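Chemist: Contents of data-v9.cif (mmCIF, C-alpha atoms):
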data_upload
#
loop_
_atom_site.label_atom_id
_atom_site.label_comp_id
_atom_site.auth_asym_id
_atom_site.auth_seq_id
_atom_site.Cartn_x
_atom_site.Cartn_y
_atom_site.Cartn_z
CA MET A 198 98.26 219.60 109.32
CA SER A 199 99.80 216.84 107.21
CA ASP A 200 97.12 214.15 107.67
CA PRO A 201 95.24 214.13 104.36
CA ARG A 202 92.04 213.07 106.08
CA ALA A 203 92.02 215.92 108.61
CA ARG A 204 93.12 218.38 105.96
CA ALA A 205 90.19 217.44 103.70
CA GLU A 206 87.69 217.55 106.55
CA ASP A 207 88.97 220.99 107.57
CA LEU A 208 88.55 222.20 104.00
CA VAL A 209 84.91 221.15 103.90
CA HIS A 210 84.24 222.74 107.30
CA ALA A 211 85.85 225.98 106.07
CA PHE A 212 83.63 225.75 102.98
CA GLY A 213 80.62 225.60 105.29
CA GLN A 214 81.89 228.67 107.14
CA ALA A 215 82.12 230.56 103.85
CA TRP A 216 78.46 229.69 103.25
CA GLU A 217 77.52 230.90 106.73
CA ALA A 218 79.39 234.16 105.97
CA ARG A 219 77.38 234.33 102.72
CA ASP A 220 80.62 235.29 100.99
CA ILE A 221 80.22 234.31 97.33
CA ASP A 222 83.90 234.96 96.52
CA ALA A 223 85.05 232.83 99.46
CA ILE A 224 82.59 230.08 98.50
CA THR A 225 83.59 229.94 94.87
CA GLY A 226 87.26 230.15 95.91
CA PHE A 227 86.89 226.58 97.20
CA LEU A 228 85.54 225.32 93.87
CA HIS A 229 87.57 223.95 90.98
CA GLN A 230 86.94 225.75 87.69
CA ASP A 231 85.35 222.55 86.34
CA VAL A 232 83.42 221.66 89.50
CA ALA A 233 80.34 219.47 89.13
CA TYR A 234 77.61 220.19 91.69
CA GLN A 235 74.41 218.23 92.02
CA ASN A 236 71.39 218.15 94.30
CA VAL A 237 70.80 214.51 93.44
CA PRO A 238 68.78 213.63 91.33
CA ALA A 239 68.37 217.17 89.94
CA PRO A 240 70.53 218.04 86.93
CA ILE A 241 74.29 218.43 87.48
CA LEU A 242 75.60 222.00 87.35
CA HIS A 243 78.92 222.14 85.54
CA GLY A 244 81.59 224.75 86.16
CA ARG A 245 82.35 227.31 88.85
CA ASP A 246 80.67 230.14 86.93
CA ARG A 247 77.44 228.16 86.56
CA VAL A 248 77.46 227.24 90.25
CA ARG A 249 78.12 230.85 91.20
CA ALA A 250 75.16 231.98 89.12
CA PHE A 251 73.01 229.29 90.75
CA ILE A 252 73.81 230.12 94.36
CA THR A 253 74.07 233.91 94.18
CA PRO A 254 70.28 234.57 94.28
CA SER A 255 69.87 232.24 97.28
CA LEU A 256 72.69 233.95 99.15
CA LYS A 257 71.16 237.34 98.48
CA ALA A 258 67.71 236.18 99.57
CA VAL A 259 68.73 234.75 102.94
CA GLU A 260 69.30 236.83 106.04
CA ARG A 261 71.25 234.08 107.72
CA MET A 262 72.52 230.65 106.85
CA VAL A 263 73.66 227.76 109.05
CA TRP A 264 75.62 224.67 108.03
CA GLU A 265 75.48 222.34 111.00
CA PHE A 266 77.83 219.39 110.53
CA LYS A 267 76.43 216.38 112.41
CA ALA A 268 79.10 214.01 111.07
CA THR A 269 82.15 214.41 108.86
CA THR A 270 84.34 211.53 107.68
CA ALA A 271 87.00 211.33 104.98
CA SER A 272 88.83 208.69 102.98
CA ALA A 273 92.44 208.00 103.99
CA ASP A 274 93.80 209.91 100.98
CA GLY A 275 91.58 212.92 101.66
CA ALA A 276 90.00 212.64 98.22
CA LYS A 277 86.45 212.18 99.52
CA VAL A 278 84.68 213.83 102.44
CA LEU A 279 81.23 212.58 103.44
CA THR A 280 79.01 214.71 105.64
CA GLU A 281 75.68 214.56 107.43
CA ARG A 282 74.38 218.09 107.87
CA VAL A 283 71.43 220.27 108.70
CA ASP A 284 71.42 223.33 106.43
CA THR A 285 69.20 226.20 107.54
CA PHE A 286 68.14 229.06 105.29
CA VAL A 287 66.75 231.96 107.30
CA PHE A 288 64.59 234.28 105.19
CA ALA A 289 62.66 237.31 106.36
CA GLU A 290 59.52 235.18 106.00
CA GLY A 291 60.85 232.24 108.03
CA ALA A 292 63.41 229.47 108.13
CA VAL A 293 63.80 226.43 105.88
CA VAL A 294 65.60 223.58 107.63
CA VAL A 295 67.05 220.88 105.40
CA PRO A 296 68.46 217.63 106.81
CA LEU A 297 70.82 216.16 104.24
CA MET A 298 74.00 214.32 103.46
CA GLY A 299 76.67 215.50 101.03
CA ILE A 300 79.87 214.19 99.48
CA PHE A 301 82.77 216.38 98.45
CA GLU A 302 85.52 215.14 96.15
CA ILE A 303 88.73 217.08 96.69
CA ALA A 304 91.73 217.60 94.41
CA GLY A 305 94.54 219.68 95.85
CA ASP A 306 92.78 222.37 97.84
CA LEU A 307 89.69 222.51 95.66
CA ILE A 308 86.30 220.83 95.50
CA VAL A 309 85.94 219.13 92.12
CA ARG A 310 82.68 217.28 92.69
CA TRP A 311 79.93 217.95 95.21
CA ARG A 312 76.72 216.00 95.56
CA ASP A 313 74.04 216.73 98.18
CA TYR A 314 71.22 214.30 98.94
CA CYS A 315 67.98 215.47 100.54
CA ASP A 316 64.25 215.04 100.04
CA LEU A 317 63.80 217.72 97.38
CA GLY A 318 60.02 217.56 97.67
CA ALA A 319 60.16 218.33 101.39
CA PHE A 320 62.59 221.18 100.67
CA ALA A 321 60.30 222.63 98.02
CA ARG A 322 57.24 222.38 100.27
CA ALA A 323 59.05 224.04 103.19
CA THR A 324 60.21 226.83 100.91
CA GLN A 325 56.79 227.37 99.38
CA ALA A 326 55.21 227.27 102.85
CA ILE A 327 56.92 230.55 103.69
CA GLY A 328 55.88 232.05 100.36
CA ARG A 329 59.17 231.73 98.51
CA THR A 330 59.88 230.03 95.20
CA VAL A 331 62.38 227.25 94.67
CA SER A 332 65.36 227.58 92.37
CA PRO A 333 64.41 226.52 88.82
CA ALA A 334 67.45 224.19 88.85
CA LEU A 335 65.68 222.06 91.45
CA GLU A 336 62.18 222.17 90.03
CA GLY A 337 62.78 219.45 87.46
CA SER A 338 63.03 216.85 90.16
CA GLN A 339 60.03 217.82 92.24
CA MET B 183 91.12 193.47 111.78
CA SER B 184 91.78 195.68 114.80
CA ASP B 185 91.41 199.08 113.11
CA PRO B 186 88.01 200.34 114.34
CA ARG B 187 87.48 202.28 111.13
CA ALA B 188 88.03 199.31 108.82
CA ARG B 189 86.03 197.05 111.12
CA ALA B 190 83.03 199.40 111.01
CA GLU B 191 83.24 199.82 107.24
CA ASP B 192 83.39 196.04 106.80
CA LEU B 193 80.32 195.64 108.99
CA VAL B 194 78.29 198.03 106.83
CA HIS B 195 79.47 196.32 103.64
CA ALA B 196 78.45 192.96 105.12
CA PHE B 197 75.07 194.48 105.96
CA GLY B 198 74.71 195.42 102.30
CA GLN B 199 75.56 191.87 101.30
CA ALA B 200 72.81 190.58 103.60
CA TRP B 201 70.38 192.88 101.77
CA GLU B 202 71.59 191.59 98.40
CA ALA B 203 71.04 188.03 99.69
CA ARG B 204 67.53 189.15 100.74
CA ASP B 205 68.13 187.29 103.99
CA ILE B 206 65.85 188.89 106.59
CA ASP B 207 67.46 187.02 109.49
CA ALA B 208 70.95 188.06 108.40
CA ILE B 209 69.79 191.66 107.92
CA THR B 210 68.11 191.95 111.30
CA GLY B 211 71.10 190.19 112.89
CA PHE B 212 73.08 193.36 112.24
CA LEU B 213 70.52 195.55 114.02
CA HIS B 214 70.47 196.44 117.68
CA GLN B 215 67.22 195.57 119.43
CA ASP B 216 66.55 199.30 119.88
CA VAL B 217 67.72 200.37 116.41
CA ALA B 218 66.32 203.62 115.01
CA TYR B 219 65.94 203.60 111.22
CA GLN B 220 64.84 206.59 109.17
CA ASN B 221 64.41 207.47 105.54
CA VAL B 222 64.86 211.16 106.31
CA PRO B 223 62.53 213.06 106.70
CA ALA B 224 59.99 210.22 106.92
CA PRO B 225 59.08 209.03 110.42
CA ILE B 226 61.73 207.15 112.41
CA LEU B 227 61.11 203.42 112.82
CA HIS B 228 62.03 202.29 116.32
CA GLY B 229 63.15 198.79 117.21
CA ARG B 230 64.39 195.75 115.33
CA ASP B 231 60.97 194.13 115.20
CA ARG B 232 59.39 197.25 113.67
CA VAL B 233 62.19 197.50 111.10
CA ARG B 234 61.83 193.82 110.27
CA ALA B 235 58.10 194.27 109.69
CA PHE B 236 58.83 197.29 107.49
CA ILE B 237 61.38 195.65 105.21
CA THR B 238 59.95 192.14 104.95
CA PRO B 239 57.31 193.00 102.28
CA SER B 240 59.91 194.82 100.16
CA LEU B 241 62.30 191.88 100.36
CA LYS B 242 59.55 189.48 99.31
CA ALA B 243 58.49 191.70 96.43
CA VAL B 244 61.91 192.09 94.83
CA GLU B 245 63.51 189.49 92.59
CA ARG B 246 66.94 190.97 93.05
CA MET B 247 68.52 193.75 95.07
CA VAL B 248 71.83 195.58 94.63
CA TRP B 249 73.60 197.79 97.14
CA GLU B 250 76.38 199.52 95.21
CA PHE B 251 78.74 201.34 97.55
CA LYS B 252 80.24 204.33 95.71
CA ALA B 253 82.01 205.67 98.82
CA THR B 254 82.39 204.46 102.40
CA THR B 255 84.16 206.41 105.15
CA ALA B 256 84.18 206.01 108.91
CA SER B 257 85.07 207.98 112.00
CA ALA B 258 88.36 207.04 113.71
CA ASP B 259 86.53 205.25 116.53
CA GLY B 260 84.36 203.27 114.12
CA ALA B 261 81.19 204.67 115.68
CA LYS B 262 79.92 206.25 112.45
CA VAL B 263 80.04 205.00 108.89
CA LEU B 264 78.94 207.31 106.09
CA THR B 265 78.12 205.90 102.67
CA GLU B 266 77.19 207.05 99.19
CA ARG B 267 75.28 204.27 97.47
CA VAL B 268 73.06 203.31 94.59
CA ASP B 269 70.38 200.89 95.78
CA THR B 270 68.55 198.97 93.06
CA PHE B 271 65.28 197.11 93.61
CA VAL B 272 64.57 194.72 90.74
CA PHE B 273 60.89 193.78 90.54
CA ALA B 274 59.23 191.57 87.94
CA GLU B 275 57.80 194.79 86.48
CA GLY B 276 61.13 196.63 86.28
CA ALA B 277 63.92 198.15 88.33
CA VAL B 278 63.87 201.10 90.70
CA VAL B 279 67.29 202.73 91.04
CA VAL B 280 67.83 204.96 94.06
CA PRO B 281 70.93 207.15 94.43
CA LEU B 282 71.35 207.97 98.11
CA MET B 283 73.60 208.52 101.07
CA GLY B 284 73.27 206.81 104.41
CA ILE B 285 74.84 206.99 107.86
CA PHE B 286 75.20 204.02 110.19
CA GLU B 287 75.95 204.44 113.89
CA ILE B 288 77.64 201.36 115.28
CA ALA B 289 77.89 200.07 118.87
CA GLY B 290 79.86 196.87 119.31
CA ASP B 291 78.96 194.81 116.27
CA LEU B 292 75.47 196.20 115.84
CA ILE B 293 73.81 199.08 114.01
CA VAL B 294 72.03 201.29 116.54
CA ARG B 295 70.99 204.15 114.24
CA TRP B 296 70.63 204.20 110.48
CA ARG B 297 69.52 207.16 108.41
CA ASP B 298 69.23 207.15 104.61
CA TYR B 299 68.83 210.33 102.57
CA CYS B 300 67.33 210.27 99.08
CA ASP B 301 64.77 212.19 97.09
CA LEU B 302 61.68 210.34 98.33
CA GLY B 303 59.49 211.92 95.66
CA ALA B 304 61.72 210.57 92.88
CA PHE B 305 61.71 207.16 94.56
CA ALA B 306 57.93 207.16 94.80
CA ARG B 307 57.53 208.21 91.16
CA ALA B 308 59.98 205.54 89.94
CA THR B 309 58.14 202.92 91.97
CA GLN B 310 54.71 204.00 90.76
CA ALA B 311 56.00 204.15 87.18
CA ILE B 312 56.38 200.37 87.18
CA GLY B 313 52.94 199.95 88.72
CA ARG B 314 53.97 199.24 92.29
CA THR B 315 52.93 201.02 95.45
CA VAL B 316 55.26 202.68 97.91
CA SER B 317 55.55 201.58 101.53
CA PRO B 318 53.04 203.47 103.69
CA ALA B 319 55.93 204.40 106.01
CA LEU B 320 57.34 206.61 103.25
CA GLU B 321 54.11 208.11 101.99
CA GLY B 322 53.85 210.75 104.68
CA SER B 323 56.80 212.60 103.28
CA GLN B 324 55.85 212.58 99.60
#
Show me the file's structure as structure tokens.
Modeler:
Amino acid sequence: MSDPRARAEDLVHAFGQAWEARDIDAITGFLHQDVAYQNVPAPILHGRDRVRAFITPSLKAVERMVWEFKATTASADGAKVLTERVDTFVFAEGAVVVPLMGIFEIAGDLIVRWRDYCDLGAFARATQAIGRTVSPALEGSQ
Amino acid sequence: MSDPRARAEDLVHAFGQAWEARDIDAITGFLHQDVAYQNVPAPILHGRDRVRAFITPSLKAVERMVWEFKATTASADGAKVLTERVDTFVFAEGAVVVPLMGIFEIAGDLIVRWRDYCDLGAFARATQAIGRTVSPALEGSQ
């Protein structure tokens, strides 16, 4: 696979598979040490360790997770991958379905910047509707 | 320009320029008669006439409008264009800056589906902060 575009798209799809496997080591293995991750416009999380700490409780809380890619396109140099997705978090209490778009900036084989865009208020309401609390990192923007 | 990808990206950029020109005829000229437009997860607006009625008041209210494209990528067949943008609405009372991503589905030279993803709550708060009201079509999802 020498096409930079296809290579970058495959990397992001594999990242989604790591999420579906709820494998925190596999997930963080895709992230650059200095990754910047943001649920826009919530605060940016800086660094792989900070991101790991942020996502670990969610991964432990869910029974199942789905990353459905509705569209994936990349820049010619493979440096940017843009996605339209539906992320589903299945808890014991019920499922939270989040339609969103996300952009992944790639350097080498690692994600250096990752920004997801969804309606955070709708996400919070759907989460609270099944009796769960939302990550404090997202509460600032509700 | 025979590359479908570049052609589709150019079309979306030209659509953004029509918005910046606040030219309702130019804007709707890019839309298929049966276009479906959604500020996800707000209700879908169906049809060019409905979209025109939705955006006309906003266009009249703003003094200036900026569509900053931070990233634009397209599928090989040019059928989908994914964007990361910062849309700015400049009113007499102040500016509302909206970071977002959007996907445009293209058929021929027309946009047939258009979905934008932003934090609608943040958008509503920024709009209300300068003393303006938010379009009723977006209020259902606040």
Chemist: Only residues of chain B matter here; which ones have an atom within 7 Å of chain A, counting all atoms listed in the file? Give them as a list in words.
Modeler: Thr255, Ala256, Ser257, Leu264, Leu282, Met283, Tyr299, Cys300, Asp301, Leu302, Gly303, Ala304, Ser323 and Gln324 of chain B
Chemist: Near Ala215 (chain A), within 6 Å and counting all atoms listed in the file, which residues show up once chain neighbours fewer than 5 positions away are dropped, as a PyMOL selection string?
Modeler: chain A and resi 220+223-224
Chemist: Go through B:Phe286, B:Phe212, B:Trp201, B:Tyr219 and flag the residue nearest Arg246 (chain B), using only C-alpha atoms for the distances.
Modeler: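 Using only C-alpha atoms, the shortest distance to Arg246 (chain B) belongs to B:Trp201.
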Chemist: Apply the PyMOL selection byres ((chain A and resi 231) around 12) to the structure shown and report the selected residues as a PyMOL selection string.
Modeler: chain A and resi 225+227-230+232-234+241-248+304+307-311
Chemist: Enter the distance from CA of Phe273 (chain B) to CA of Asp192 (chain B), in Å, rounded to one decimal.
Modeler: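 Distance between the two atoms: 27.9 Å.
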Chemist: Complete the atom set of region 243-262 of chain A to N, CA and C atoms and return it as a PDB file, keeping the file's coordinate frame.
Modeler:
ATOM      1  N   HIS A 243      77.519 222.270  85.909  1.00  0.00           N
ATOM      2  CA  HIS A 243      78.920 222.140  85.540  1.00  0.00           C
ATOM      3  C   HIS A 243      79.625 223.482  85.525  1.00  0.00           C
ATOM      4  N   GLY A 244      80.732 223.569  86.236  1.00  0.00           N
ATOM      5  CA  GLY A 244      81.590 224.750  86.160  1.00  0.00           C
ATOM      6  C   GLY A 244      81.338 225.742  87.278  1.00  0.00           C
ATOM      7  N   ARG A 245      82.420 226.368  87.736  1.00  0.00           N
ATOM      8  CA  ARG A 245      82.350 227.310  88.850  1.00  0.00           C
ATOM      9  C   ARG A 245      81.446 228.494  88.534  1.00  0.00           C
ATOM     10  N   ASP A 246      81.496 228.979  87.289  1.00  0.00           N
ATOM     11  CA  ASP A 246      80.670 230.140  86.930  1.00  0.00           C
ATOM     12  C   ASP A 246      79.180 229.790  86.994  1.00  0.00           C
ATOM     13  N   ARG A 247      78.848 228.591  86.549  1.00  0.00           N
ATOM     14  CA  ARG A 247      77.440 228.160  86.560  1.00  0.00           C
ATOM     15  C   ARG A 247      76.967 227.989  87.999  1.00  0.00           C
ATOM     16  N   VAL A 248      77.820 227.429  88.843  1.00  0.00           N
ATOM     17  CA  VAL A 248      77.460 227.240  90.250  1.00  0.00           C
ATOM     18  C   VAL A 248      77.296 228.592  90.926  1.00  0.00           C
ATOM     19  N   ARG A 249      78.208 229.509  90.623  1.00  0.00           N
ATOM     20  CA  ARG A 249      78.120 230.850  91.200  1.00  0.00           C
ATOM     21  C   ARG A 249      76.795 231.523  90.830  1.00  0.00           C
ATOM     22  N   ALA A 250      76.415 231.378  89.578  1.00  0.00           N
ATOM     23  CA  ALA A 250      75.160 231.980  89.120  1.00  0.00           C
ATOM     24  C   ALA A 250      73.960 231.318  89.812  1.00  0.00           C
ATOM     25  N   PHE A 251      74.099 230.021  90.107  1.00  0.00           N
ATOM     26  CA  PHE A 251      73.010 229.290  90.750  1.00  0.00           C
ATOM     27  C   PHE A 251      72.822 229.709  92.205  1.00  0.00           C
ATOM     28  N   ILE A 252      73.939 229.878  92.925  1.00  0.00           N
ATOM     29  CA  ILE A 252      73.810 230.120  94.360  1.00  0.00           C
ATOM     30  C   ILE A 252      73.673 231.595  94.732  1.00  0.00           C
ATOM     31  N   THR A 253      74.093 232.488  93.848  1.00  0.00           N
ATOM     32  CA  THR A 253      74.070 233.910  94.180  1.00  0.00           C
ATOM     33  C   THR A 253      72.680 234.417  94.604  1.00  0.00           C
ATOM     34  N   PRO A 254      71.606 234.078  93.864  1.00  0.00           N
ATOM     35  CA  PRO A 254      70.280 234.570  94.280  1.00  0.00           C
ATOM     36  C   PRO A 254      69.875 234.045  95.668  1.00  0.00           C
ATOM     37  N   SER A 255      70.205 232.788  95.972  1.00  0.00           N
ATOM     38  CA  SER A 255      69.870 232.240  97.280  1.00  0.00           C
ATOM     39  C   SER A 255      70.611 232.981  98.380  1.00  0.00           C
ATOM     40  N   LEU A 256      71.894 233.249  98.146  1.00  0.00           N
ATOM     41  CA  LEU A 256      72.690 233.950  99.150  1.00  0.00           C
ATOM     42  C   LEU A 256      72.149 235.348  99.408  1.00  0.00           C
ATOM     43  N   LYS A 257      71.704 235.989  98.335  1.00  0.00           N
ATOM     44  CA  LYS A 257      71.160 237.340  98.480  1.00  0.00           C
ATOM     45  C   LYS A 257      69.816 237.324  99.191  1.00  0.00           C
ATOM     46  N   ALA A 258      69.059 236.243  99.010  1.00  0.00           N
ATOM     47  CA  ALA A 258      67.710 236.180  99.570  1.00  0.00           C
ATOM     48  C   ALA A 258      67.718 235.874 101.066  1.00  0.00           C
ATOM     49  N   VAL A 259      68.739 235.152 101.529  1.00  0.00           N
ATOM     50  CA  VAL A 259      68.730 234.750 102.940  1.00  0.00           C
ATOM     51  C   VAL A 259      69.318 235.828 103.832  1.00  0.00           C
ATOM     52  N   GLU A 260      68.761 235.899 105.041  1.00  0.00           N
ATOM     53  CA  GLU A 260      69.300 236.830 106.040  1.00  0.00           C
ATOM     54  C   GLU A 260      70.400 236.156 106.845  1.00  0.00           C
ATOM     55  N   ARG A 261      70.269 234.835 106.954  1.00  0.00           N
ATOM     56  CA  ARG A 261      71.250 234.080 107.720  1.00  0.00           C
ATOM     57  C   ARG A 261      71.247 232.662 107.194  1.00  0.00           C
ATOM     58  N   MET A 262      72.380 232.012 107.365  1.00  0.00           N
ATOM     59  CA  MET A 262      72.520 230.650 106.850  1.00  0.00           C
ATOM     60  C   MET A 262      73.343 229.852 107.854  1.00  0.00           C
TER      61      MET A 262
END
